[in-house]
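Undergrad: So here's structure-v1.txt (compact mmCIF, C-alpha atoms and all ligand atoms).
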```txt
# COMPACT_ATOMS: atom_id res chain seq x y z
CA MET A 97 -87.28 -52.16 -26.83
CA ILE A 98 -84.26 -50.08 -25.83
CA ILE A 99 -84.53 -48.50 -22.39
CA ASP A 100 -82.41 -45.37 -22.52
CA VAL A 101 -82.20 -43.59 -19.18
CA ARG A 102 -78.80 -41.99 -19.70
CA SER A 103 -80.38 -38.55 -19.95
CA ASP A 104 -83.64 -36.69 -20.43
CA THR A 105 -82.25 -35.35 -23.71
CA VAL A 106 -82.79 -38.61 -25.61
CA THR A 107 -86.51 -38.03 -26.22
CA LYS A 108 -88.02 -37.74 -29.69
CA PRO A 109 -90.88 -35.42 -30.69
CA THR A 110 -94.34 -36.84 -29.99
CA PRO A 111 -96.94 -36.98 -32.79
CA GLY A 112 -98.63 -33.87 -31.32
CA MET A 113 -95.33 -32.02 -31.27
CA LEU A 114 -94.56 -33.05 -34.86
CA GLN A 115 -97.95 -31.73 -35.89
CA ALA A 116 -97.19 -28.40 -34.18
CA ILE A 117 -93.84 -28.26 -36.00
CA MET A 118 -95.41 -29.05 -39.38
CA THR A 119 -98.09 -26.39 -39.08
CA ALA A 120 -95.99 -23.59 -37.56
CA GLU A 121 -96.09 -20.15 -39.08
CA VAL A 122 -92.53 -18.95 -39.65
CA GLY A 123 -90.49 -15.96 -40.81
CA ASP A 124 -86.93 -14.69 -40.62
CA ASP A 125 -86.17 -14.48 -36.92
CA VAL A 126 -83.01 -12.44 -37.50
CA TYR A 127 -85.44 -9.69 -38.61
CA LYS A 128 -87.62 -10.64 -35.59
CA GLU A 129 -90.28 -11.63 -38.13
CA ASP A 130 -90.94 -15.18 -37.01
CA PRO A 131 -94.36 -15.06 -35.33
CA THR A 132 -93.92 -18.41 -33.58
CA VAL A 133 -90.56 -17.45 -32.09
CA ASN A 134 -92.05 -14.13 -30.98
CA GLU A 135 -94.93 -16.00 -29.37
CA LEU A 136 -92.58 -18.38 -27.54
CA GLU A 137 -90.43 -15.52 -26.26
CA LYS A 138 -93.50 -13.66 -25.02
CA TYR A 139 -94.84 -16.84 -23.40
CA VAL A 140 -91.64 -17.40 -21.41
CA ALA A 141 -91.21 -13.72 -20.46
CA ASP A 142 -94.82 -13.65 -19.19
CA PHE A 143 -94.40 -17.00 -17.45
CA PHE A 144 -91.67 -15.47 -15.24
CA GLY A 145 -93.21 -11.99 -15.24
CA MET A 146 -90.03 -10.61 -16.83
CA ASP A 147 -89.67 -7.94 -19.53
CA GLN A 148 -88.16 -9.92 -22.39
CA ALA A 149 -86.96 -13.29 -23.58
CA LEU A 150 -84.79 -14.56 -26.41
CA PHE A 151 -84.69 -17.98 -28.09
CA PHE A 152 -81.30 -19.76 -28.27
CA PRO A 153 -80.34 -23.02 -30.00
CA THR A 154 -78.76 -24.47 -26.83
CA GLY A 155 -78.67 -24.04 -23.10
CA SER A 156 -74.93 -23.53 -23.15
CA MET A 157 -75.30 -20.61 -25.55
CA ALA A 158 -78.05 -19.04 -23.45
CA ASN A 159 -75.98 -19.31 -20.25
CA GLN A 160 -72.87 -18.03 -22.00
CA ALA A 161 -74.79 -15.08 -23.43
CA ALA A 162 -76.19 -14.29 -19.98
CA ILE A 163 -72.70 -14.36 -18.45
CA LYS A 164 -71.44 -12.06 -21.21
CA LEU A 165 -74.34 -9.66 -20.61
CA HIS A 166 -73.63 -9.52 -16.88
CA THR A 167 -69.83 -9.16 -16.90
CA GLN A 168 -66.71 -7.49 -18.33
CA PRO A 169 -63.42 -9.31 -19.10
CA GLY A 170 -61.26 -9.82 -16.02
CA GLU A 171 -64.20 -10.09 -13.67
CA GLN A 172 -65.22 -13.12 -11.66
CA LEU A 173 -68.44 -15.04 -11.13
CA ILE A 174 -69.35 -17.26 -8.19
CA CYS A 175 -70.83 -20.71 -8.75
CA ASP A 176 -70.83 -24.19 -7.23
CA LYS A 177 -67.89 -26.46 -8.11
CA TRP A 178 -70.32 -28.78 -9.94
CA ALA A 179 -71.99 -26.02 -11.97
CA HIS A 180 -72.78 -26.75 -15.60
CA VAL A 181 -71.52 -23.29 -16.62
CA TYR A 182 -68.11 -24.21 -15.20
CA ASN A 183 -67.84 -27.94 -16.01
CA TYR A 184 -69.82 -28.62 -19.16
CA GLU A 185 -69.78 -25.55 -21.38
CA GLY A 186 -66.35 -26.11 -22.87
CA GLY A 187 -64.62 -23.41 -20.83
CA GLY A 188 -66.90 -20.84 -22.42
CA VAL A 189 -66.86 -18.57 -19.36
CA SER A 190 -63.21 -17.73 -20.03
CA PHE A 191 -63.37 -18.12 -23.84
CA ASN A 192 -66.45 -15.98 -24.43
CA SER A 193 -66.40 -13.53 -21.56
CA GLY A 194 -62.81 -13.51 -20.27
CA VAL A 195 -64.24 -14.20 -16.83
CA SER A 196 -62.98 -16.56 -14.09
CA CYS A 197 -65.08 -18.71 -11.77
CA LYS A 198 -64.82 -18.72 -7.99
CA LEU A 199 -65.90 -22.23 -7.13
CA VAL A 200 -67.93 -22.83 -4.01
CA ASP A 201 -67.99 -26.18 -2.22
CA GLY A 202 -71.77 -26.56 -2.05
CA LYS A 203 -73.96 -29.53 -1.19
CA ARG A 204 -75.26 -31.47 -4.19
CA GLY A 205 -74.62 -28.43 -6.38
CA LEU A 206 -76.54 -26.05 -4.10
CA ILE A 207 -74.78 -23.10 -2.47
CA THR A 208 -75.82 -20.86 0.41
CA ALA A 209 -76.01 -17.10 0.88
CA GLN A 210 -73.30 -17.44 3.52
CA GLN A 211 -70.97 -19.11 0.98
CA VAL A 212 -71.71 -16.45 -1.63
CA SER A 213 -70.97 -13.77 0.90
CA GLU A 214 -67.64 -15.36 1.90
CA ASN A 215 -66.50 -15.65 -1.72
CA ILE A 216 -66.97 -12.06 -2.86
CA ASN A 217 -63.64 -10.34 -3.41
CA PRO A 218 -63.43 -6.93 -1.73
CA PRO A 219 -64.06 -4.48 -4.59
CA ASP A 220 -61.39 -2.00 -3.49
CA PHE A 221 -58.70 -4.73 -3.31
CA TYR A 222 -57.61 -4.30 -6.93
CA HIS A 223 -55.27 -7.32 -6.86
CA SER A 224 -58.12 -9.79 -7.13
CA PRO A 225 -60.72 -10.05 -9.85
CA LEU A 226 -63.86 -8.01 -9.35
CA THR A 227 -66.80 -10.19 -8.39
CA THR A 228 -69.87 -9.19 -10.42
CA LEU A 229 -72.11 -12.22 -10.89
CA VAL A 230 -73.54 -15.25 -9.10
CA CYS A 231 -74.77 -18.24 -11.13
CA LEU A 232 -77.12 -20.75 -9.53
CA GLU A 233 -78.45 -23.99 -11.00
CA ASN A 234 -81.93 -25.36 -10.23
CA THR A 235 -82.36 -28.28 -10.36
CA THR A 236 -78.70 -29.25 -10.17
CA ASN A 237 -77.50 -31.67 -12.83
CA LYS A 238 -74.38 -33.16 -11.25
CA GLY A 239 -76.07 -32.84 -7.85
CA GLY A 240 -78.74 -35.36 -8.89
CA GLY A 241 -81.69 -33.07 -9.58
CA ALA A 242 -81.54 -31.35 -6.19
CA CYS A 243 -83.79 -28.31 -5.73
CA TYR A 244 -83.14 -25.05 -3.91
CA ASP A 245 -85.23 -23.91 -1.01
CA PHE A 246 -86.63 -20.67 -2.31
CA SER A 247 -85.81 -18.91 0.97
CA GLU A 248 -82.09 -19.58 0.36
CA ILE A 249 -82.37 -18.02 -3.10
CA GLU A 250 -83.97 -14.96 -1.51
CA ARG A 251 -81.10 -14.71 0.95
CA ILE A 252 -78.62 -14.98 -1.93
CA ARG A 253 -80.49 -12.14 -3.68
CA THR A 254 -80.09 -9.99 -0.58
CA VAL A 255 -76.32 -10.62 -0.61
CA CYS A 256 -76.19 -9.81 -4.34
CA ASP A 257 -78.06 -6.56 -3.76
CA ALA A 258 -75.74 -5.54 -0.96
CA HIS A 259 -72.71 -6.06 -3.24
CA SER A 260 -74.20 -5.00 -6.60
CA LEU A 261 -73.86 -8.49 -8.08
CA GLY A 262 -75.99 -9.86 -10.89
CA LEU A 263 -77.86 -13.13 -10.27
CA HIS A 264 -78.31 -15.62 -13.11
CA LEU A 265 -80.21 -18.89 -12.95
CA ASP A 266 -79.20 -21.84 -15.09
CA GLY A 267 -82.72 -23.21 -15.20
CA ALA A 268 -82.10 -26.05 -17.64
CA ARG A 269 -84.39 -28.15 -15.43
CA LEU A 270 -86.20 -25.36 -13.61
CA MET A 271 -89.58 -26.83 -14.65
CA ASN A 272 -88.73 -29.98 -12.69
CA ALA A 273 -88.06 -27.86 -9.60
CA LEU A 274 -91.25 -25.80 -10.06
CA VAL A 275 -93.35 -28.95 -10.39
CA ALA A 276 -91.63 -30.83 -7.56
CA LYS A 277 -91.85 -27.90 -5.13
CA LYS A 278 -95.16 -26.52 -6.45
CA GLU A 279 -93.58 -23.10 -6.85
CA ASP A 280 -94.69 -19.97 -8.67
CA PRO A 281 -92.40 -19.08 -11.60
CA LYS A 282 -93.12 -15.38 -11.05
CA LYS A 283 -91.25 -15.55 -7.75
CA TYR A 284 -88.22 -16.66 -9.77
CA GLY A 285 -88.73 -13.86 -12.28
CA LYS A 286 -88.66 -11.33 -9.43
CA VAL A 287 -85.54 -12.58 -7.72
CA PHE A 288 -83.25 -13.35 -10.71
CA ASP A 289 -81.83 -10.92 -13.25
CA SER A 290 -81.80 -13.61 -15.93
CA ILE A 291 -83.10 -17.16 -16.26
CA SER A 292 -82.34 -19.77 -18.91
CA LEU A 293 -85.03 -22.40 -19.42
CA CYS A 294 -84.26 -25.49 -21.49
CA LEU A 295 -86.92 -26.94 -23.79
CA SER A 296 -84.99 -30.03 -24.84
CA LYS A 297 -84.50 -31.76 -21.49
CA GLY A 298 -87.52 -33.03 -19.60
CA LEU A 299 -89.86 -31.01 -21.79
CA GLY A 300 -88.98 -33.09 -24.85
CA ALA A 301 -88.39 -30.55 -27.64
CA PRO A 302 -85.61 -31.33 -30.16
CA LEU A 303 -83.72 -28.15 -29.29
CA GLY A 304 -83.89 -24.74 -27.73
CA THR A 305 -83.42 -22.72 -24.59
CA VAL A 306 -85.11 -19.43 -23.81
CA LEU A 307 -83.25 -16.74 -21.88
CA ALA A 308 -85.57 -14.43 -19.96
CA GLY A 309 -84.54 -11.22 -18.27
CA ASN A 310 -85.35 -7.64 -17.58
CA LYS A 311 -84.75 -4.85 -20.11
CA ASP A 312 -81.45 -3.60 -18.73
CA ILE A 313 -79.81 -7.05 -19.00
CA MET A 314 -81.49 -8.12 -22.26
CA GLU A 315 -80.67 -4.94 -24.17
CA GLY A 316 -77.55 -6.39 -25.77
CA ALA A 317 -78.83 -9.98 -25.97
CA MET A 318 -79.49 -9.99 -29.73
CA ARG A 319 -75.97 -8.76 -30.41
CA VAL A 320 -74.34 -11.30 -28.09
CA ARG A 321 -76.39 -14.13 -29.59
CA LYS A 322 -75.27 -13.00 -33.06
CA VAL A 323 -71.62 -12.93 -31.96
CA LEU A 324 -71.95 -16.48 -30.63
CA GLY A 325 -73.41 -17.57 -33.98
CA GLY A 326 -76.91 -18.11 -32.67
CA GLY A 327 -78.98 -15.90 -34.95
CA MET A 328 -81.40 -18.28 -36.68
CA ARG A 329 -83.83 -17.82 -39.56
CA GLN A 330 -87.12 -19.77 -39.88
CA ILE A 331 -86.62 -21.28 -36.47
CA GLY A 332 -90.31 -20.98 -35.64
CA TYR A 333 -90.58 -24.69 -36.44
CA MET A 334 -88.50 -25.38 -33.35
CA ALA A 335 -90.19 -22.63 -31.34
CA ALA A 336 -93.48 -24.41 -32.11
CA ALA A 337 -92.05 -27.59 -30.60
CA GLY A 338 -91.04 -25.58 -27.54
CA LEU A 339 -94.46 -23.96 -27.17
CA TYR A 340 -96.10 -27.36 -27.54
CA ALA A 341 -93.79 -28.72 -24.82
CA LEU A 342 -94.59 -25.84 -22.46
CA GLU A 343 -98.31 -26.33 -22.98
CA ASN A 344 -98.38 -30.14 -22.84
CA HIS A 345 -95.31 -31.57 -21.13
CA VAL A 346 -94.99 -29.66 -17.88
CA GLU A 347 -97.65 -31.21 -15.66
CA ARG A 348 -96.59 -34.71 -16.66
CA LEU A 349 -93.15 -34.18 -15.11
CA VAL A 350 -94.67 -35.54 -11.87
CA GLU A 351 -94.72 -38.91 -13.67
CA ASP A 352 -90.97 -38.74 -14.26
CA HIS A 353 -90.44 -37.78 -10.64
CA ARG A 354 -92.61 -40.65 -9.39
CA LYS A 355 -90.70 -43.17 -11.51
CA ALA A 356 -87.35 -41.77 -10.38
CA ALA A 357 -88.45 -42.08 -6.74
CA GLU A 358 -89.50 -45.70 -7.37
CA ILE A 359 -86.13 -46.48 -8.94
CA ALA A 360 -84.38 -44.90 -5.93
CA ASP A 361 -86.60 -46.90 -3.53
CA THR A 362 -85.78 -50.12 -5.37
CA LEU A 363 -82.04 -49.38 -5.43
CA ASN A 364 -82.17 -48.72 -1.69
CA THR A 365 -83.36 -52.30 -1.09
CA LEU A 366 -80.57 -53.92 -3.14
CA SER A 367 -77.52 -55.29 -1.36
CA TYR A 368 -75.09 -54.49 -4.20
CA VAL A 369 -75.93 -50.76 -3.96
CA ALA A 370 -73.89 -48.79 -1.42
CA ASN A 371 -75.71 -45.49 -1.51
CA VAL A 372 -78.50 -43.64 -3.32
CA GLU A 373 -78.58 -39.85 -3.28
CA PRO A 374 -81.85 -38.24 -2.17
CA THR A 375 -84.09 -38.19 -5.25
CA GLU A 376 -86.23 -35.06 -5.55
CA THR A 377 -86.92 -34.87 -9.27
CA ASN A 378 -86.09 -36.99 -12.33
CA ILE A 379 -82.41 -37.78 -11.67
CA VAL A 380 -81.22 -40.74 -9.60
CA ILE A 381 -77.55 -40.91 -8.62
CA PHE A 382 -76.24 -44.02 -6.89
CA TYR A 383 -73.05 -45.85 -6.01
CA LEU A 384 -72.28 -49.57 -6.05
CA GLY A 385 -70.86 -51.38 -3.06
CA ASN A 386 -67.17 -52.17 -2.61
CA GLY A 387 -66.06 -54.87 -4.99
CA VAL A 388 -69.04 -54.54 -7.33
CA SER A 389 -67.70 -53.62 -10.75
CA GLU A 390 -69.48 -50.71 -12.40
CA GLN A 391 -68.33 -51.97 -15.77
CA ARG A 392 -69.88 -55.40 -15.19
CA PHE A 393 -73.07 -53.78 -13.91
CA THR A 394 -73.51 -51.42 -16.87
CA ASP A 395 -72.49 -54.20 -19.32
CA LYS A 396 -75.09 -56.54 -17.82
CA LEU A 397 -77.75 -53.85 -18.22
CA HIS A 398 -76.54 -53.14 -21.74
CA GLN A 399 -77.06 -56.80 -22.66
CA GLN A 400 -80.70 -56.28 -21.70
CA ASP A 401 -80.91 -53.13 -23.88
CA ILE A 402 -80.77 -50.83 -20.86
CA ARG A 403 -78.51 -47.78 -20.98
CA ILE A 404 -77.55 -45.75 -17.94
CA SER A 405 -74.80 -43.15 -17.40
CA ASN A 406 -71.50 -43.72 -15.67
CA MET A 407 -70.42 -40.28 -14.49
CA GLY A 408 -67.06 -41.43 -13.13
CA GLN A 409 -65.81 -41.47 -9.53
CA GLY A 410 -68.26 -44.26 -8.81
CA LYS A 411 -71.29 -42.17 -9.74
CA LEU A 412 -74.00 -43.91 -11.74
CA ARG A 413 -76.90 -41.86 -13.08
CA VAL A 414 -80.41 -42.67 -14.25
CA VAL A 415 -82.69 -39.98 -15.68
CA THR A 416 -86.40 -40.53 -16.30
CA HIS A 417 -88.16 -38.72 -19.14
CA LEU A 418 -91.05 -38.41 -21.57
CA ASP A 419 -90.10 -41.50 -23.60
CA TYR A 420 -89.52 -43.73 -20.57
CA THR A 421 -92.77 -45.66 -20.52
CA ASP A 422 -94.52 -47.67 -17.80
CA ALA A 423 -93.50 -50.90 -19.56
CA MET A 424 -89.86 -49.80 -19.64
CA HIS A 425 -90.11 -48.85 -15.99
CA ASP A 426 -91.35 -52.32 -14.99
CA GLN A 427 -88.64 -54.00 -17.03
CA PHE A 428 -85.91 -51.75 -15.66
CA LEU A 429 -86.93 -52.37 -12.03
CA LYS A 430 -86.96 -56.13 -12.77
CA ALA A 431 -83.47 -55.95 -14.29
CA LEU A 432 -82.15 -54.06 -11.25
CA LYS A 433 -83.61 -56.65 -8.88
CA SER A 434 -82.22 -59.57 -10.85
CA PHE A 435 -78.60 -58.34 -10.97
CA SER A 436 -76.26 -60.18 -8.66
C1 LIG B 1 -78.22 -29.55 -20.26
C2 LIG B 1 -77.88 -28.43 -19.38
C3 LIG B 1 -77.57 -27.17 -19.90
C4 LIG B 1 -77.58 -26.86 -21.38
O1 LIG B 1 -76.87 -27.71 -22.15
P1 LIG B 1 -76.97 -27.75 -23.74
O2 LIG B 1 -76.58 -29.15 -24.04
O3 LIG B 1 -76.01 -26.74 -24.24
O4 LIG B 1 -78.36 -27.42 -24.15
C5 LIG B 1 -77.28 -26.17 -19.01
N1 LIG B 1 -77.30 -26.38 -17.69
C6 LIG B 1 -77.61 -27.57 -17.15
C7 LIG B 1 -77.66 -27.72 -15.67
C8 LIG B 1 -77.90 -28.64 -17.98
O5 LIG B 1 -78.21 -29.83 -17.43
```
Would you write the structure of this file as structure tokens?
Ligand SMILES: *Cc1c(COP(=O)(O)O)cnc(C)c1O

TA:
Amino acid sequence: MIIDVRSDTVTKPTPGMLQAIMTAEVGDDVYKEDPTVNELEKYVADFFGMDQALFFPTGSMANQAAIKLHTQPGEQLICDKWAHVYNYEGGGVSFNSGVSCKLVDGKRGLITAQQVSENINPPDFYHSPLTTLVCLENTTNKGGGACYDFSEIERIRTVCDAHSLGLHLDGARLMNALVAKKEDPKKYGKVFDSISLCLSKGLGAPLGTVLAGNKDIMEGAMRVRKVLGGGMRQIGYMAAAGLYALENHVERLVEDHRKAAEIADTLNTLSYVANVEPTETNIVIFYLGNGVSEQRFTDKLHQQDIRISNMGQGKLRVVTHLDYTDAMHDQFLKALKSFS
């Protein structure tokens, strides 16, 4: 038994999901003739109470398309210094949109309305790039699955309105936040101009992200997706996996959160652990004490068929997910306690 808690992307389709894939009705989605893709897009648009949605192969492509739809070359977006759109999308913001990022020094990947406000370039000062977009992430990836307080998002919206800025949400793990905070997705649909929702993280589909937005923003979305090479044909097979995930794998996220909290609690009792970040969802980030070698720690776990992530700068990461069973959980906690 291999216990892989490096990421929530390592899951494999469940038998029910495979069945949904096998029996999906499909068509050519480039002609918008795939009924299952159309159903998925409608499901996600309705879920957020937004006008439209579009299916993308990856979260990076969905975020990059959103940024392209919101901006013109030479402009600037505001995001946290740990943002996925800045750190982990291959420099796509500049490559695809010719846009620069104003990085904000947030807390655990979360930024405030005050910080947004302070980082907007004055629009009549033509020497600096024109600020046109704010990108938030919820939950934060590098920030250890931290969730926004919705009231802060509302304050950020107010700042965006006052300065005519677009507001995009990288919601790769938004479902984790909605479940953890018991929030209404329609509130998110109201406050954001666009939202990307990943189906292949905690939800367990093999691929896919849906970008939801209102008509004005989504108008050019098909064209931008085509330019990025993301027009797909009989992709209803994967949309079926996504629909299955949305219908069956959302409520169970509380299980992942419970296990992550138990891992954090255990780590907090261990003398070789220096610090554990607050654990709100399915990501646990922790640091080893002075003189405890990360390499030796991860090697020791590896010998017991346990894989965790070393994120550098002393950051170790564990992510719970659909395929992380109760038996694995027990064994993992035992292995943590027995390390010395
Ligand atoms: C995983 C992830 C994405 C999307 O990544 P892809 O690998 O391109 O699907 C976007 N944002 C965040 C915060 C993520 O964790």

Undergrad: With only C-alpha atoms as the basis for distance, which of A:Ala301, A:Ile252, A:Ala162, A:Leu418 is at the shortest distance from Glu347 of chain A?

TA: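 So, comparing all the options, the nearest one is A:Leu418.
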
Undergrad: Point out the residue among A:Tyr222, A:Tyr139, A:Tyr368, A:Tyr184 with the least atom-to-atom distance to ligand LIG 1 (chain B), counting all atoms listed in the file.

TA: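 For ligand LIG 1 (chain B), the nearest of the candidates is A:Tyr184.
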
Undergrad: Env of Val306 of chain A: 6 Å cut, atoms = all atoms listed in the file, seq-sep filter 4 positions within chain, self excluded. Answer as a ChimeraX atom specification.

TA: /A:150-152,292-293

Undergrad: Show me, as an MDAnalysis selection string, the residues that have an atom within 10 Å of Ala335 of chain A when counting all atoms listed in the file, minus same-chain residues fewer than 5 positions from it.

TA: chainID A and resid 116:117 120 122 130:137 151:153 295 301:306 330 340:341

Undergrad: Let me make sure I understand: among A:Gln399, A:Thr416, A:Ser193, A:Ser290, which one has the smallest atom-to-atom distance to Leu349 of chain A if we use all atoms listed in the file?

TA: A:Thr416

Undergrad: Report as a tab-separated table: every residue of chain A with an atom at most 9 Å from ligand LIG 1 (chain B), its closest pair of atoms, and their distance in Å to one decimal, counting all atoms listed in the file, with rows sorted by chain and ascending residue number.

TA:
```
residue	atom	partner	partner_atom	distance
A:Asp104	CA	B:LIG1	C1	9.0
A:Thr105	CA	B:LIG1	C1	7.9
A:Pro153	CA	B:LIG1	O4	7.6
A:Thr154	CA	B:LIG1	O4	4.0
A:Gly155	CA	B:LIG1	C4	3.5
A:Ser156	CA	B:LIG1	O3	3.6
A:Met157	CA	B:LIG1	O3	6.3
A:Ala158	CA	B:LIG1	O3	8.0
A:Asn159	CA	B:LIG1	C5	7.1
A:Ala179	CA	B:LIG1	C7	7.0
A:His180	CA	B:LIG1	C7	5.0
A:Val181	CA	B:LIG1	N1	6.6
A:Tyr184	CA	B:LIG1	O1	7.7
A:Glu185	CA	B:LIG1	O3	7.0
A:Glu233	CA	B:LIG1	C7	6.0
A:Asn234	CA	B:LIG1	C7	7.3
A:Thr235	CA	B:LIG1	C7	7.1
A:Thr236	CA	B:LIG1	C7	5.8
A:Asn237	CA	B:LIG1	C7	4.9
A:Lys238	CA	B:LIG1	C7	7.7
A:Asp266	CA	B:LIG1	N1	5.6
A:Gly267	CA	B:LIG1	N1	6.8
A:Ala268	CA	B:LIG1	C6	4.8
A:Arg269	CA	B:LIG1	O5	6.7
A:Ser292	CA	B:LIG1	C5	8.2
A:Leu293	CA	B:LIG1	C5	8.6
A:Cys294	CA	B:LIG1	O4	6.8
A:Leu295	CA	B:LIG1	O4	8.6
A:Ser296	CA	B:LIG1	O4	7.2
A:Lys297	CA	B:LIG1	C1	6.8
A:Leu303	CA	B:LIG1	O4	7.5
A:Gly304	CA	B:LIG1	O4	7.1
A:Thr305	CA	B:LIG1	O4	6.9
```

Undergrad: From the list A:Gln115, A:Gln400, A:Thr375, A:Ser260, which residue is nearest Ile98 of chain A when using only C-alpha atoms?

TA: A:Gln400

Undergrad: Report, in Å with one decimal, the straight-line distance from atom CA of Met314 of chain A to atom CA of Ala149 of chain A.

TA: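 Computed distance, atom CA of Met314 of chain A to atom CA of Ala149 of chain A, equals 7.6 Å.
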
Undergrad: Please supply segment 244-257 of chain A, rebuilt with N, CA, C and O atoms, as a compact mmCIF listing (two decimals), in the frame of the given file.

TA:
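After the write, result-v5.txt holds the following:
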```
# COMPACT_ATOMS: atom_id res chain seq x y z
N TYR A 244 -83.35 -26.09 -4.94
CA TYR A 244 -83.14 -25.05 -3.91
C TYR A 244 -84.40 -24.87 -3.07
O TYR A 244 -85.52 -25.01 -3.57
N ASP A 245 -84.17 -24.50 -1.81
CA ASP A 245 -85.23 -23.91 -1.01
C ASP A 245 -85.33 -22.47 -1.44
O ASP A 245 -84.32 -21.76 -1.46
N PHE A 246 -86.52 -22.02 -1.76
CA PHE A 246 -86.63 -20.67 -2.31
C PHE A 246 -86.12 -19.62 -1.33
O PHE A 246 -85.55 -18.60 -1.73
N SER A 247 -86.27 -19.89 -0.04
CA SER A 247 -85.81 -18.91 0.97
C SER A 247 -84.29 -18.69 0.88
O SER A 247 -83.81 -17.59 1.12
N GLU A 248 -83.55 -19.74 0.51
CA GLU A 248 -82.09 -19.58 0.36
C GLU A 248 -81.79 -18.68 -0.85
O GLU A 248 -80.90 -17.84 -0.79
N ILE A 249 -82.56 -18.87 -1.92
CA ILE A 249 -82.37 -18.02 -3.10
C ILE A 249 -82.63 -16.56 -2.73
O ILE A 249 -81.89 -15.66 -3.13
N GLU A 250 -83.66 -16.35 -1.93
CA GLU A 250 -83.97 -14.96 -1.51
C GLU A 250 -82.83 -14.37 -0.69
O GLU A 250 -82.47 -13.20 -0.86
N ARG A 251 -82.24 -15.20 0.16
CA ARG A 251 -81.10 -14.71 0.95
C ARG A 251 -79.90 -14.41 0.05
O ARG A 251 -79.18 -13.44 0.27
N ILE A 252 -79.71 -15.24 -0.98
CA ILE A 252 -78.62 -14.98 -1.93
C ILE A 252 -78.87 -13.65 -2.67
O ILE A 252 -77.97 -12.85 -2.86
N ARG A 253 -80.14 -13.41 -3.02
CA ARG A 253 -80.49 -12.14 -3.68
C ARG A 253 -80.13 -10.94 -2.80
O ARG A 253 -79.60 -9.94 -3.28
N THR A 254 -80.40 -11.09 -1.51
CA THR A 254 -80.09 -9.99 -0.58
C THR A 254 -78.59 -9.71 -0.57
O THR A 254 -78.16 -8.55 -0.61
N VAL A 255 -77.79 -10.79 -0.56
CA VAL A 255 -76.32 -10.62 -0.61
C VAL A 255 -75.92 -9.94 -1.92
O VAL A 255 -75.10 -9.02 -1.95
N CYS A 256 -76.52 -10.39 -3.03
CA CYS A 256 -76.19 -9.81 -4.34
C CYS A 256 -76.53 -8.32 -4.35
O CYS A 256 -75.75 -7.51 -4.86
N ASP A 257 -77.66 -7.97 -3.79
CA ASP A 257 -78.06 -6.56 -3.76
C ASP A 257 -77.08 -5.73 -2.96
O ASP A 257 -76.69 -4.63 -3.36
```
